[in-house]
$ cat my_file22.cif   # mmCIF, C-alpha atoms and all ligand atoms
data_model
loop_
_atom_site.group_PDB
_atom_site.id
_atom_site.type_symbol
_atom_site.label_atom_id
_atom_site.label_comp_id
_atom_site.auth_asym_id
_atom_site.auth_seq_id
_atom_site.Cartn_x
_atom_site.Cartn_y
_atom_site.Cartn_z
ATOM 1 C CA MET M 1 -97.530 -34.999 -13.808
ATOM 2 C CA LYS M 2 -100.200 -36.430 -16.065
ATOM 3 C CA ARG M 3 -103.550 -34.654 -16.096
ATOM 4 C CA ILE M 4 -106.888 -36.086 -17.069
ATOM 5 C CA VAL M 5 -110.388 -34.675 -17.127
ATOM 6 C CA THR M 6 -113.152 -36.960 -16.005
ATOM 7 C CA ILE M 7 -116.653 -36.088 -17.120
ATOM 8 C CA GLN M 8 -119.508 -37.752 -15.226
ATOM 9 C CA ASP M 9 -122.126 -36.961 -12.614
ATOM 10 C CA ILE M 10 -121.750 -36.080 -8.967
ATOM 11 C CA SER M 11 -123.965 -38.338 -6.919
ATOM 12 C CA CYS M 12 -123.641 -36.512 -3.609
ATOM 13 C CA PHE M 13 -124.348 -39.641 -1.582
ATOM 14 C CA GLY M 14 -123.704 -43.190 -2.729
ATOM 15 C CA LYS M 15 -120.401 -44.352 -4.098
ATOM 16 C CA CYS M 16 -120.082 -44.004 -7.850
ATOM 17 C CA SER M 17 -118.958 -41.722 -10.653
ATOM 18 C CA LEU M 18 -116.979 -38.656 -9.491
ATOM 19 C CA THR M 19 -116.846 -39.563 -5.789
ATOM 20 C CA VAL M 20 -115.062 -42.751 -6.872
ATOM 21 C CA ALA M 21 -113.065 -41.490 -9.865
ATOM 22 C CA LEU M 22 -111.468 -38.487 -8.150
ATOM 23 C CA PRO M 23 -109.938 -40.269 -5.136
ATOM 24 C CA ILE M 24 -108.784 -43.286 -7.164
ATOM 25 C CA ILE M 25 -107.151 -41.238 -9.916
ATOM 26 C CA SER M 26 -105.548 -38.831 -7.420
ATOM 27 C CA ALA M 27 -104.197 -41.722 -5.343
ATOM 28 C CA MET M 28 -102.566 -43.069 -8.501
ATOM 29 C CA GLY M 29 -100.541 -39.868 -8.798
ATOM 30 C CA VAL M 30 -102.518 -38.366 -11.664
ATOM 31 C CA GLU M 31 -104.171 -34.940 -11.633
ATOM 32 C CA ALA M 32 -107.933 -35.241 -12.050
ATOM 33 C CA ALA M 33 -109.815 -32.239 -13.379
ATOM 34 C CA ILE M 34 -113.569 -32.754 -13.407
ATOM 35 C CA LEU M 35 -116.592 -31.727 -15.362
ATOM 36 C CA PRO M 36 -119.837 -32.715 -13.623
ATOM 37 C CA THR M 37 -122.613 -33.681 -16.038
ATOM 38 C CA ALA M 38 -125.354 -33.578 -13.409
ATOM 39 C CA VAL M 39 -125.724 -33.243 -9.660
ATOM 40 C CA LEU M 40 -127.888 -35.876 -7.979
ATOM 41 C CA SER M 41 -128.725 -36.171 -4.302
ATOM 42 C CA THR M 42 -127.859 -39.895 -4.508
ATOM 43 C CA HIS M 43 -127.113 -42.396 -7.244
ATOM 44 C CA THR M 44 -130.116 -43.995 -8.929
ATOM 45 C CA GLY M 45 -129.367 -47.608 -8.081
ATOM 46 C CA GLY M 46 -131.213 -48.157 -4.815
ATOM 47 C CA PHE M 47 -132.509 -44.804 -3.648
ATOM 48 C CA LYS M 48 -135.938 -43.374 -4.485
ATOM 49 C CA ASN M 49 -136.986 -39.757 -5.117
ATOM 50 C CA PHE M 50 -133.454 -38.531 -5.780
ATOM 51 C CA THR M 51 -132.904 -35.022 -7.142
ATOM 52 C CA PHE M 52 -131.333 -34.588 -10.593
ATOM 53 C CA HIS M 53 -129.899 -31.297 -11.782
ATOM 54 C CA ASP M 54 -128.804 -31.460 -15.410
ATOM 55 C CA LEU M 55 -125.696 -29.372 -16.194
ATOM 56 C CA SER M 56 -125.903 -29.632 -20.015
ATOM 57 C CA GLU M 57 -126.258 -25.855 -20.344
ATOM 58 C CA ASP M 58 -123.005 -25.181 -18.501
ATOM 59 C CA ILE M 59 -120.859 -27.649 -20.411
ATOM 60 C CA PRO M 60 -120.276 -25.640 -23.644
ATOM 61 C CA LYS M 61 -119.385 -22.572 -21.561
ATOM 62 C CA ILE M 62 -116.879 -24.583 -19.532
ATOM 63 C CA PHE M 63 -115.313 -26.040 -22.685
ATOM 64 C CA ALA M 64 -115.142 -22.549 -24.238
ATOM 65 C CA HIS M 65 -113.359 -21.155 -21.178
ATOM 66 C CA TRP M 66 -110.863 -24.022 -21.178
ATOM 67 C CA LYS M 67 -110.178 -23.349 -24.849
ATOM 68 C CA ARG M 68 -109.490 -19.661 -24.172
ATOM 69 C CA GLU M 69 -107.112 -20.703 -21.398
ATOM 70 C CA SER M 70 -105.401 -23.285 -23.657
ATOM 71 C CA ILE M 71 -106.061 -25.990 -21.078
ATOM 72 C CA ASP M 72 -105.430 -29.498 -22.312
ATOM 73 C CA PHE M 73 -105.335 -33.009 -20.944
ATOM 74 C CA ASP M 74 -103.443 -36.277 -21.320
ATOM 75 C CA ALA M 75 -106.758 -38.122 -21.240
ATOM 76 C CA ILE M 76 -110.464 -37.424 -21.453
ATOM 77 C CA TYR M 77 -112.460 -39.982 -19.470
ATOM 78 C CA THR M 78 -116.228 -39.816 -19.860
ATOM 79 C CA GLY M 79 -118.686 -41.792 -17.740
ATOM 80 C CA TYR M 80 -122.326 -41.296 -16.797
ATOM 81 C CA LEU M 81 -123.854 -38.597 -19.016
ATOM 82 C CA GLY M 82 -127.088 -36.857 -18.118
ATOM 83 C CA SER M 83 -128.719 -36.102 -21.484
ATOM 84 C CA LEU M 84 -128.681 -36.905 -25.193
ATOM 85 C CA GLU M 85 -127.289 -33.418 -25.766
ATOM 86 C CA GLN M 86 -124.266 -34.230 -23.577
ATOM 87 C CA ILE M 87 -123.339 -37.102 -25.874
ATOM 88 C CA ASP M 88 -123.014 -34.583 -28.729
ATOM 89 C CA GLN M 89 -121.065 -32.197 -26.504
ATOM 90 C CA MET M 90 -118.583 -34.994 -25.681
ATOM 91 C CA LYS M 91 -118.226 -35.842 -29.374
ATOM 92 C CA GLU M 92 -117.344 -32.240 -30.170
ATOM 93 C CA PHE M 93 -114.867 -32.112 -27.283
ATOM 94 C CA ILE M 94 -113.134 -35.289 -28.504
ATOM 95 C CA ASP M 95 -113.116 -34.008 -32.111
ATOM 96 C CA ALA M 96 -111.270 -30.874 -30.932
ATOM 97 C CA LYS M 97 -108.733 -32.647 -28.703
ATOM 98 C CA PRO M 98 -104.997 -32.736 -29.448
ATOM 99 C CA LYS M 99 -103.819 -35.983 -31.016
ATOM 100 C CA LYS M 100 -101.843 -37.047 -27.925
ATOM 101 C CA THR M 101 -104.929 -36.941 -25.677
ATOM 102 C CA LEU M 102 -106.388 -40.385 -24.972
ATOM 103 C CA ALA M 103 -110.174 -40.586 -25.369
ATOM 104 C CA PHE M 104 -111.486 -43.147 -22.868
ATOM 105 C CA VAL M 105 -115.246 -43.716 -22.849
ATOM 106 C CA ASP M 106 -117.176 -45.689 -20.266
ATOM 107 C CA PRO M 107 -120.750 -45.755 -21.592
ATOM 108 C CA ALA M 108 -122.139 -46.086 -18.059
ATOM 109 C CA MET M 109 -125.898 -46.580 -18.456
ATOM 110 C CA ALA M 110 -126.900 -50.207 -17.823
ATOM 111 C CA ASP M 111 -126.088 -53.491 -16.091
ATOM 112 C CA ASN M 112 -127.539 -56.959 -15.557
ATOM 113 C CA GLY M 113 -129.594 -56.733 -18.771
ATOM 114 C CA VAL M 114 -131.367 -53.463 -17.907
ATOM 115 C CA LEU M 115 -130.844 -49.739 -18.437
ATOM 116 C CA TYR M 116 -130.349 -47.627 -15.305
ATOM 117 C CA THR M 117 -133.329 -45.486 -14.260
ATOM 118 C CA GLY M 118 -133.791 -42.582 -16.656
ATOM 119 C CA PHE M 119 -132.078 -44.054 -19.727
ATOM 120 C CA THR M 120 -133.791 -45.121 -22.949
ATOM 121 C CA PRO M 121 -132.795 -47.439 -25.814
ATOM 122 C CA GLU M 122 -132.461 -44.265 -27.935
ATOM 123 C CA PHE M 123 -129.859 -42.931 -25.471
ATOM 124 C CA ALA M 124 -127.934 -46.196 -25.752
ATOM 125 C CA ARG M 125 -127.922 -46.077 -29.563
ATOM 126 C CA HIS M 126 -126.715 -42.489 -29.439
ATOM 127 C CA MET M 127 -123.985 -43.429 -26.942
ATOM 128 C CA ALA M 128 -122.630 -45.763 -29.635
ATOM 129 C CA THR M 129 -121.796 -42.669 -31.723
ATOM 130 C CA LEU M 130 -119.607 -41.356 -28.878
ATOM 131 C CA CYS M 131 -117.919 -44.736 -28.460
ATOM 132 C CA ALA M 132 -117.107 -44.551 -32.170
ATOM 133 C CA LYS M 133 -114.726 -41.658 -31.472
ATOM 134 C CA ALA M 134 -112.855 -43.243 -28.559
ATOM 135 C CA ASP M 135 -109.412 -44.787 -28.318
ATOM 136 C CA VAL M 136 -110.627 -47.129 -25.570
ATOM 137 C CA ILE M 137 -114.170 -48.065 -24.533
ATOM 138 C CA VAL M 138 -115.135 -50.192 -21.514
ATOM 139 C CA PRO M 139 -118.805 -51.219 -21.688
ATOM 140 C CA ASN M 140 -120.191 -54.195 -19.817
ATOM 141 C CA ILE M 141 -122.088 -56.792 -21.875
ATOM 142 C CA THR M 142 -125.458 -55.132 -21.158
ATOM 143 C CA GLU M 143 -124.244 -51.738 -22.395
ATOM 144 C CA ALA M 144 -122.664 -53.273 -25.484
ATOM 145 C CA SER M 145 -125.832 -55.178 -26.351
ATOM 146 C CA PHE M 146 -127.985 -52.040 -26.035
ATOM 147 C CA MET M 147 -125.551 -50.034 -28.187
ATOM 148 C CA LEU M 148 -125.280 -52.688 -30.883
ATOM 149 C CA GLY M 149 -128.810 -54.092 -30.781
ATOM 150 C CA VAL M 150 -127.469 -57.623 -30.229
ATOM 151 C CA GLU M 151 -129.032 -60.144 -27.865
ATOM 152 C CA TYR M 152 -127.964 -59.833 -24.220
ATOM 153 C CA LYS M 153 -126.846 -63.112 -22.702
ATOM 154 C CA GLU M 154 -126.310 -63.289 -18.985
ATOM 155 C CA SER M 155 -124.406 -66.568 -19.094
ATOM 156 C CA GLY M 156 -123.913 -69.644 -21.203
ATOM 157 C CA TYR M 157 -122.200 -67.786 -24.046
ATOM 158 C CA ASP M 158 -118.901 -68.650 -25.697
ATOM 159 C CA LYS M 159 -115.847 -66.875 -27.099
ATOM 160 C CA GLU M 160 -117.569 -66.436 -30.440
ATOM 161 C CA TYR M 161 -120.331 -64.308 -28.805
ATOM 162 C CA VAL M 162 -117.782 -62.146 -26.959
ATOM 163 C CA GLU M 163 -115.432 -61.701 -29.913
ATOM 164 C CA ASP M 164 -118.327 -60.856 -32.228
ATOM 165 C CA ILE M 165 -119.418 -58.079 -29.816
ATOM 166 C CA LEU M 166 -115.842 -56.772 -29.484
ATOM 167 C CA LYS M 167 -115.437 -56.643 -33.266
ATOM 168 C CA ARG M 168 -118.814 -54.969 -33.761
ATOM 169 C CA LEU M 169 -117.837 -52.318 -31.211
ATOM 170 C CA ALA M 170 -114.584 -51.795 -33.098
ATOM 171 C CA ALA M 171 -116.522 -51.511 -36.354
ATOM 172 C CA LEU M 172 -118.282 -48.473 -34.841
ATOM 173 C CA GLY M 173 -114.851 -46.814 -34.825
ATOM 174 C CA ALA M 174 -113.351 -47.371 -31.351
ATOM 175 C CA LYS M 175 -109.710 -48.452 -31.579
ATOM 176 C CA LYS M 176 -109.533 -50.733 -28.540
ATOM 177 C CA THR M 177 -112.722 -52.285 -27.288
ATOM 178 C CA VAL M 178 -113.098 -53.855 -23.864
ATOM 179 C CA LEU M 179 -115.980 -55.894 -22.481
ATOM 180 C CA THR M 180 -116.283 -56.175 -18.723
ATOM 181 C CA GLY M 181 -118.145 -58.835 -16.765
ATOM 182 C CA VAL M 182 -117.156 -61.663 -19.117
ATOM 183 C CA SER M 183 -117.510 -65.194 -17.771
ATOM 184 C CA PHE M 184 -117.066 -68.568 -19.466
ATOM 185 C CA GLU M 185 -116.788 -70.573 -16.230
ATOM 186 C CA GLU M 186 -119.018 -70.220 -13.185
ATOM 187 C CA ASP M 187 -116.222 -69.322 -10.771
ATOM 188 C CA LYS M 188 -114.305 -66.929 -13.037
ATOM 189 C CA LEU M 189 -115.120 -63.389 -14.105
ATOM 190 C CA GLY M 190 -113.023 -60.992 -16.122
ATOM 191 C CA VAL M 191 -112.479 -58.757 -19.103
ATOM 192 C CA ALA M 192 -111.979 -59.247 -22.809
ATOM 193 C CA MET M 193 -110.277 -56.765 -25.123
ATOM 194 C CA TYR M 194 -109.885 -56.405 -28.879
ATOM 195 C CA ASP M 195 -107.158 -54.279 -30.411
ATOM 196 C CA SER M 196 -108.537 -53.444 -33.849
ATOM 197 C CA GLU M 197 -105.224 -52.107 -35.168
ATOM 198 C CA LYS M 198 -103.348 -55.315 -34.332
ATOM 199 C CA ASP M 199 -106.398 -57.588 -34.811
ATOM 200 C CA GLU M 200 -105.601 -59.223 -31.455
ATOM 201 C CA PHE M 201 -107.758 -60.364 -28.547
ATOM 202 C CA PHE M 202 -106.772 -60.346 -24.884
ATOM 203 C CA TYR M 203 -108.493 -61.954 -21.891
ATOM 204 C CA TYR M 204 -107.949 -61.633 -18.168
ATOM 205 C CA PHE M 205 -109.914 -63.525 -15.537
ATOM 206 C CA ASN M 206 -110.074 -63.395 -11.786
ATOM 207 C CA GLU M 207 -112.147 -65.308 -9.260
ATOM 208 C CA ARG M 208 -115.865 -64.516 -9.227
ATOM 209 C CA LEU M 209 -117.046 -63.435 -5.777
ATOM 210 C CA ASP M 210 -120.727 -64.192 -5.327
ATOM 211 C CA CYS M 211 -121.803 -60.646 -4.607
ATOM 212 C CA LYS M 212 -122.608 -57.737 -6.907
ATOM 213 C CA PHE M 213 -122.092 -54.206 -5.696
ATOM 214 C CA HIS M 214 -123.129 -50.889 -7.149
ATOM 215 C CA GLY M 215 -120.463 -48.649 -8.721
ATOM 216 C CA THR M 216 -117.880 -51.324 -9.476
ATOM 217 C CA GLY M 217 -117.848 -50.319 -13.154
ATOM 218 C CA ASP M 218 -116.714 -46.839 -12.107
ATOM 219 C CA VAL M 219 -114.040 -48.279 -9.812
ATOM 220 C CA PHE M 220 -112.779 -50.440 -12.675
ATOM 221 C CA ALA M 221 -112.771 -47.654 -15.277
ATOM 222 C CA SER M 222 -111.073 -45.145 -12.949
ATOM 223 C CA ALA M 223 -108.297 -47.586 -12.009
ATOM 224 C CA CYS M 224 -107.841 -48.495 -15.675
ATOM 225 C CA VAL M 225 -107.408 -44.847 -16.760
ATOM 226 C CA GLY M 226 -105.109 -44.235 -13.796
ATOM 227 C CA ALA M 227 -102.923 -47.181 -14.763
ATOM 228 C CA LEU M 228 -102.772 -46.052 -18.409
ATOM 229 C CA MET M 229 -101.604 -42.632 -17.206
ATOM 230 C CA ASN M 230 -98.879 -44.467 -15.260
ATOM 231 C CA GLU M 231 -97.483 -45.735 -18.577
ATOM 232 C CA LYS M 232 -99.019 -49.192 -18.276
ATOM 233 C CA THR M 233 -100.117 -50.970 -21.427
ATOM 234 C CA LEU M 234 -103.866 -51.497 -21.811
ATOM 235 C CA GLN M 235 -103.374 -55.201 -21.027
ATOM 236 C CA GLU M 236 -101.537 -54.339 -17.797
ATOM 237 C CA ALA M 237 -104.086 -51.649 -16.942
ATOM 238 C CA LEU M 238 -106.998 -54.063 -17.389
ATOM 239 C CA LYS M 239 -105.329 -56.578 -15.087
ATOM 240 C CA ILE M 240 -104.593 -53.908 -12.432
ATOM 241 C CA ALA M 241 -108.157 -52.573 -12.623
ATOM 242 C CA ALA M 242 -109.758 -56.032 -12.488
ATOM 243 C CA ASP M 243 -107.643 -57.130 -9.513
ATOM 244 C CA TYR M 244 -108.405 -53.873 -7.681
ATOM 245 C CA THR M 245 -112.141 -54.202 -8.308
ATOM 246 C CA VAL M 246 -112.117 -57.761 -6.967
ATOM 247 C CA GLU M 247 -110.181 -56.629 -3.898
ATOM 248 C CA CYS M 248 -112.740 -53.835 -3.279
ATOM 249 C CA ILE M 249 -115.562 -56.398 -3.483
ATOM 250 C CA ARG M 250 -113.721 -58.818 -1.208
ATOM 251 C CA LEU M 251 -113.280 -56.122 1.450
ATOM 252 C CA THR M 252 -116.940 -55.085 1.214
ATOM 253 C CA ILE M 253 -118.488 -58.555 1.399
ATOM 254 C CA PRO M 254 -118.833 -58.467 5.214
ATOM 255 C CA ASP M 255 -121.164 -55.487 4.585
ATOM 256 C CA ARG M 256 -122.910 -57.246 1.699
ATOM 257 C CA GLU M 257 -126.425 -56.066 2.590
ATOM 258 C CA LYS M 258 -125.230 -52.663 1.359
ATOM 259 C CA TYR M 259 -124.643 -54.000 -2.183
ATOM 260 C CA TRP M 260 -126.770 -51.133 -3.593
ATOM 261 C CA TYR M 261 -124.599 -48.497 -1.902
ATOM 262 C CA GLY M 262 -121.123 -49.182 -3.272
ATOM 263 C CA VAL M 263 -117.785 -50.765 -2.411
ATOM 264 C CA GLU M 264 -115.248 -49.764 0.202
ATOM 265 C CA PHE M 265 -112.757 -48.863 -2.501
ATOM 266 C CA GLU M 266 -110.881 -46.583 -0.095
ATOM 267 C CA ARG M 267 -109.610 -49.532 1.945
ATOM 268 C CA ALA M 268 -108.138 -51.191 -1.136
ATOM 269 C CA ILE M 269 -106.127 -48.149 -2.300
ATOM 270 C CA PRO M 270 -102.866 -49.477 -0.739
ATOM 271 C CA PHE M 271 -103.434 -52.720 -2.713
ATOM 272 C CA LEU M 272 -103.926 -50.702 -5.909
ATOM 273 C CA LEU M 273 -100.739 -48.694 -5.405
ATOM 274 C CA LYS M 274 -98.755 -51.854 -4.736
ATOM 275 C CA SER M 275 -99.923 -53.282 -8.048
ATOM 276 C CA LEU M 276 -98.731 -50.066 -9.722
ATOM 277 C CA ASP M 277 -95.309 -50.365 -8.027
ATOM 278 C CA LYS M 278 -95.891 -47.016 -6.287
HETATM 279 O O1 LIG W 301 -122.202 -46.355 -11.494
HETATM 280 C C1 LIG W 301 -122.853 -45.775 -12.555
HETATM 281 C C2 LIG W 301 -123.754 -44.658 -12.127
HETATM 282 C C3 LIG W 301 -123.287 -43.377 -12.185
HETATM 283 N N1 LIG W 301 -124.048 -42.329 -11.826
HETATM 284 C C4 LIG W 301 -125.305 -42.517 -11.368
HETATM 285 C C5 LIG W 301 -125.836 -43.782 -11.271
HETATM 286 C C6 LIG W 301 -125.053 -44.895 -11.678
HETATM 287 C C7 LIG W 301 -125.614 -46.220 -11.623
HETATM 288 O O2 LIG W 301 -126.747 -46.458 -11.295
HETATM 289 O O3 LIG W 301 -127.072 -43.948 -10.794
HETATM 290 C C8 LIG W 301 -126.135 -41.330 -10.993
#

$ encode --input "my_file22.cif" --output "structure tokens"
Amino acid sequence: MKRIVTIQDISCFGKCSLTVALPIISAMGVEAAILPTAVLSTHTGGFKNFTFHDLSEDIPKIFAHWKRESIDFDAIYTGYLGSLEQIDQMKEFIDAKPKKTLAFVDPAMADNGVLYTGFTPEFARHMATLCAKADVIVPNITEASFMLGVEYKESGYDKEYVEDILKRLAALGAKKTVLTGVSFEEDKLGVAMYDSEKDEFFYYFNERLDCKFHGTGDVFASACVGALMNEKTLQEALKIAADYTVECIRLTIPDREKYWYGVEFERAIPFLLKSLDK
């Protein structure tokens, strides 16, 4: 059985990060070890006065214990990090990993042109130095523009804009760069990918549903890692993850006033497993 470690926060209430990653990855038949970066009472995307307990101090001790126990992973999947210091801790962890371990980084920190509550432009620039060490990164256009210092465009851009961003991300050092939330036509939304070793681009589009929900980036990234651990190619994994995310949104639309809460990803798990041939 494949084993990954996913490193992101626990938002006790509200569907995102570990409460999404764990069930999705487990359902895909992959062991999911976790390392919480922070414990919050809720996510930060619609609740006020949430608690935030930073676990930066524990992380080096946890890594040291795992090293003594010779614990290793088929993939390291990082998401929402709680401090600048944690970015450096993740870089060290990736530097020390065995060659076979996939480093998958979702620089979860922004969407729709703005940083999530609590993040700064300095954090975003520092996150770029973690992305530099990854095999695969999956920022949305907002996150990529903050990391690279390029203009954020919500719409009306062309392939040249997208491919320039993908290549700039690759120039940081990441081997395969993905951009999520790419749209050239009003009714289509999808992902773009650049494989820097092959110098090849890949696109996949699905229908755009006119509703945005919180936590869909985490749903997408978790399904993508899960598919990669099921021996899918990155192209196949991106397609599986994009289709699953759309299905989660479709199922949640009747409850659309809860867009800030998260998607009913649980109800779409049978759909996900079918697309994996499980
Ligand atoms: O979905 C990304 C995410 C993860 N963790 C926390 C968040 C968010 C988005 O706002 O608030 C705590």

$ resolve_selection --input "my_file22.cif" --expression "the PyMOL selection byres (((not hetatm)) within 8 of (chain W and resi 301))" --output "PDB file with C-alpha atoms, in the frame of the given file"
ATOM      1  CA  GLN M   8    -119.508 -37.752 -15.226  1.00  0.00           C
ATOM      2  CA  ASP M   9    -122.126 -36.961 -12.614  1.00  0.00           C
ATOM      3  CA  ILE M  10    -121.750 -36.080  -8.967  1.00  0.00           C
ATOM      4  CA  SER M  11    -123.965 -38.338  -6.919  1.00  0.00           C
ATOM      5  CA  LYS M  15    -120.401 -44.352  -4.098  1.00  0.00           C
ATOM      6  CA  CYS M  16    -120.082 -44.004  -7.850  1.00  0.00           C
ATOM      7  CA  SER M  17    -118.958 -41.722 -10.653  1.00  0.00           C
ATOM      8  CA  LEU M  40    -127.888 -35.876  -7.979  1.00  0.00           C
ATOM      9  CA  THR M  42    -127.859 -39.895  -4.508  1.00  0.00           C
ATOM     10  CA  HIS M  43    -127.113 -42.396  -7.244  1.00  0.00           C
ATOM     11  CA  THR M  44    -130.116 -43.995  -8.929  1.00  0.00           C
ATOM     12  CA  GLY M  45    -129.367 -47.608  -8.081  1.00  0.00           C
ATOM     13  CA  GLY M  79    -118.686 -41.792 -17.740  1.00  0.00           C
ATOM     14  CA  TYR M  80    -122.326 -41.296 -16.797  1.00  0.00           C
ATOM     15  CA  ALA M 108    -122.139 -46.086 -18.059  1.00  0.00           C
ATOM     16  CA  MET M 109    -125.898 -46.580 -18.456  1.00  0.00           C
ATOM     17  CA  ALA M 110    -126.900 -50.207 -17.823  1.00  0.00           C
ATOM     18  CA  TYR M 116    -130.349 -47.627 -15.305  1.00  0.00           C
ATOM     19  CA  THR M 117    -133.329 -45.486 -14.260  1.00  0.00           C
ATOM     20  CA  HIS M 214    -123.129 -50.889  -7.149  1.00  0.00           C
ATOM     21  CA  GLY M 215    -120.463 -48.649  -8.721  1.00  0.00           C
ATOM     22  CA  THR M 216    -117.880 -51.324  -9.476  1.00  0.00           C
ATOM     23  CA  GLY M 217    -117.848 -50.319 -13.154  1.00  0.00           C
ATOM     24  CA  ASP M 218    -116.714 -46.839 -12.107  1.00  0.00           C
TER      25      ASP M 218
END

$ closest_residue --input "my_file22.cif" --among "M:Val150, M:Ala223, M:Ala75, M:Leu22" --to "Leu238 in chain M" --atoms "all atoms listed in the file"
M:Ala223

$ resolve_selection --input "my_file22.cif" --expression "the PyMOL selection byres (((chain M and resi 103) around 6) and not hetatm)" --output "MDAnalysis selection string"
chainID M and resid 75:76 102 104 134:135

$ atom_distance --input "my_file22.cif" --atom1 "CA of Gln86 in chain M" --atom2 "CA of Ala170 in chain M"
22.2 Å

$ residues_around --input "my_file22.cif" --residues "Val136 in chain M" --least-positions-apart "5" --cutoff "10 Å" --atoms "only C-alpha atoms" --output "VMD selection string"
chain M and resid 77 102 to 106 131 170 174 to 178 193 to 195 225 234

$ resolve_selection --input "my_file22.cif" --expression "the PyMOL selection byres (((chain M and resi 53) around 7) and not hetatm)" --output "list of chain:residue names"
M:Ala38, M:Val39, M:Leu40, M:Thr51, M:Phe52, M:Asp54, M:Leu55

$ atom_distance --input "my_file22.cif" --atom1 "CA of Met28 in chain M" --atom2 "CA of Asp255 in chain M"
25.9 Å

$ atom_distance --input "my_file22.cif" --atom1 "CA of Asp199 in chain M" --atom2 "CA of His126 in chain M"
25.9 Å

$ closest_residue --input "my_file22.cif" --among "M:Val138, M:Val5, M:Ile240, M:Val162" --to "Leu276 in chain M" --atoms "all atoms listed in the file"
M:Ile240

$ residues_around --input "my_file22.cif" --residues "Gln89 in chain M" --least-positions-apart "4" --cutoff "9 Å" --atoms "only C-alpha atoms" --output "list in words"
Ser56, Ile59, Pro60, Glu85, Phe93 and Ile94 of chain M

$ residues_around --input "my_file22.cif" --residues "Ile62 in chain M" --least-positions-apart "5" --cutoff "12 Å" --atoms "all atoms listed in the file" --output "compact mmCIF listing (two decimals) with C-alpha atoms, keeping the file's coordinate frame"
# COMPACT_ATOMS: atom_id res chain seq x y z
CA ILE M 7 -116.65 -36.09 -17.12
CA ILE M 34 -113.57 -32.75 -13.41
CA LEU M 35 -116.59 -31.73 -15.36
CA PRO M 36 -119.84 -32.72 -13.62
CA THR M 37 -122.61 -33.68 -16.04
CA LEU M 55 -125.70 -29.37 -16.19
CA SER M 56 -125.90 -29.63 -20.02
CA GLU M 57 -126.26 -25.86 -20.34
CA LYS M 67 -110.18 -23.35 -24.85
CA ARG M 68 -109.49 -19.66 -24.17
CA GLU M 69 -107.11 -20.70 -21.40
CA ILE M 71 -106.06 -25.99 -21.08
CA GLN M 89 -121.06 -32.20 -26.50
CA PHE M 93 -114.87 -32.11 -27.28

$ residues_around --input "my_file22.cif" --residues "Phe73 in chain M" --least-positions-apart "6" --cutoff "8 Å" --atoms "only C-alpha atoms" --output "list of chain:residue names"
M:Lys2, M:Arg3, M:Ile4, M:Val5, M:Thr101

$ residues_around --input "my_file22.cif" --residues "Pro107 in chain M" --least-positions-apart "4" --cutoff "9 Å" --atoms "all atoms listed in the file" --output "PyMOL selection string"
chain M and resi 78-81+124+127-128+130-131+137-140+143-144

$ axis_aligned_box --input "my_file22.cif" --around "range 26-45 of chain M" --padding-each-side "4 Å" --output "AutoDock Vina command-line options"
--center_x -115.3 --center_y -39.7 --center_z -10.2 --size_x 37.6 --size_y 23.9 --size_z 19.7

$ closest_residue --input "my_file22.cif" --among "M:Lys188, M:Lys97, M:Lys239, M:Lys159" --to "Phe201 in chain M" --atoms "only C-alpha atoms"
M:Lys159

$ residues_near_point --input "my_file22.cif" --point "(-120.2, -68.5, -5.3)" --cutoff "7 Å" --atoms "only C-alpha atoms" --output "PyMOL selection string"
chain M and resi 187+209-210
